[in-house]
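Chemist: One structure is given below, represented as structure tokens, and several questions about it will come after.
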Amino acid sequence: MRAEYNFSKGKRGALVSPKGKTRITIYIDDSVLNEFRARAERVGAGYQTMMNEVLKAFLEKNEKPVTAAVLRQIIREELPQASRPTRRLTGRAKTARR
């Protein structure tokens, strides 16, 4: 064993960083965390892996943003004909109608 070691070029942190993953700190409700842990134990998987899979599935399902066209379509489907607002006549259309 040496009397002294030179750590001047040493780096802090993990020696090998996992590729494609980042360590973060987040706050999760206790009830949600307990449920994931219980489900993971039943299946025999890790709860963090299960949470990651659920988040991926959510992102894939909701990949497309809601555009104005999609929103208009949803409103047309959801609002019955009777409750739709009528168009107000303005300018020329008013005078032509008289």
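Here's how to read the names in the structure tokens: chain A, B, ... by the order shown, residue numbers from 1 in each chain, ligand numbers from 1 in the order shown.
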Among range 26-69 of chain A, which residues does DSSP mark as helix (DSSP H, G or I) when it is run on the backbone? Keep the chain and numbering as in the structure and answer as a ChimeraX atom specification.
Modeler: /A:30-43,47-61,68-69
Chemist: Could you save those same residues with C-alpha atoms as a PDB file, in the first residue's frame?
Modeler:
```
ATOM      1  CA  ASP A  30     -47.326   7.765  -0.378  1.00  0.00           C
ATOM      2  CA  SER A  31     -50.469   6.003  -1.580  1.00  0.00           C
ATOM      3  CA  VAL A  32     -49.213   5.927  -5.186  1.00  0.00           C
ATOM      4  CA  LEU A  33     -45.785   4.678  -4.174  1.00  0.00           C
ATOM      5  CA  ASN A  34     -47.235   2.006  -1.892  1.00  0.00           C
ATOM      6  CA  GLU A  35     -49.519   0.782  -4.676  1.00  0.00           C
ATOM      7  CA  PHE A  36     -46.642   0.526  -7.163  1.00  0.00           C
ATOM      8  CA  ARG A  37     -44.516  -1.308  -4.605  1.00  0.00           C
ATOM      9  CA  ALA A  38     -47.346  -3.760  -3.864  1.00  0.00           C
ATOM     10  CA  ARG A  39     -48.031  -4.413  -7.547  1.00  0.00           C
ATOM     11  CA  ALA A  40     -44.343  -4.815  -8.321  1.00  0.00           C
ATOM     12  CA  GLU A  41     -43.956  -7.301  -5.477  1.00  0.00           C
ATOM     13  CA  ARG A  42     -46.912  -9.361  -6.760  1.00  0.00           C
ATOM     14  CA  VAL A  43     -45.461  -9.462 -10.262  1.00  0.00           C
ATOM     15  CA  TYR A  47     -41.461  -0.711  -8.705  1.00  0.00           C
ATOM     16  CA  GLN A  48     -39.282   1.947 -10.360  1.00  0.00           C
ATOM     17  CA  THR A  49     -39.211  -0.078 -13.573  1.00  0.00           C
ATOM     18  CA  MET A  50     -42.988  -0.422 -13.392  1.00  0.00           C
ATOM     19  CA  MET A  51     -43.422   3.332 -12.851  1.00  0.00           C
ATOM     20  CA  ASN A  52     -41.141   4.011 -15.825  1.00  0.00           C
ATOM     21  CA  GLU A  53     -43.197   1.682 -18.049  1.00  0.00           C
ATOM     22  CA  VAL A  54     -46.444   3.375 -17.002  1.00  0.00           C
ATOM     23  CA  LEU A  55     -45.007   6.805 -17.788  1.00  0.00           C
ATOM     24  CA  LYS A  56     -43.782   5.609 -21.201  1.00  0.00           C
ATOM     25  CA  ALA A  57     -47.219   4.154 -22.012  1.00  0.00           C
ATOM     26  CA  PHE A  58     -48.873   7.432 -21.018  1.00  0.00           C
ATOM     27  CA  LEU A  59     -46.541   9.440 -23.239  1.00  0.00           C
ATOM     28  CA  GLU A  60     -47.108   7.134 -26.212  1.00  0.00           C
ATOM     29  CA  LYS A  61     -50.873   7.286 -25.769  1.00  0.00           C
ATOM     30  CA  ALA A  68     -57.546  23.699 -32.857  1.00  0.00           C
ATOM     31  CA  ALA A  69     -59.015  21.356 -35.474  1.00  0.00           C
TER      32      ALA A  69
END
```
Chemist: In Å to one decimal, how far is CA of Ile24 in chain A from CA of Gly46 in chain A?
Modeler: 16.8 Å
Chemist: Please measure the separation of CA of Arg76 in chain A and CA of Asn62 in chain A, giving the value in Å to one decimal.
Modeler: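 These atoms are spaced 21.2 Å apart.
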Chemist: Mind pulling up the distance from CA of Ala45 in chain A to CA of Ile28 in chain A?
Modeler: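 It comes out at 19.0 Å.
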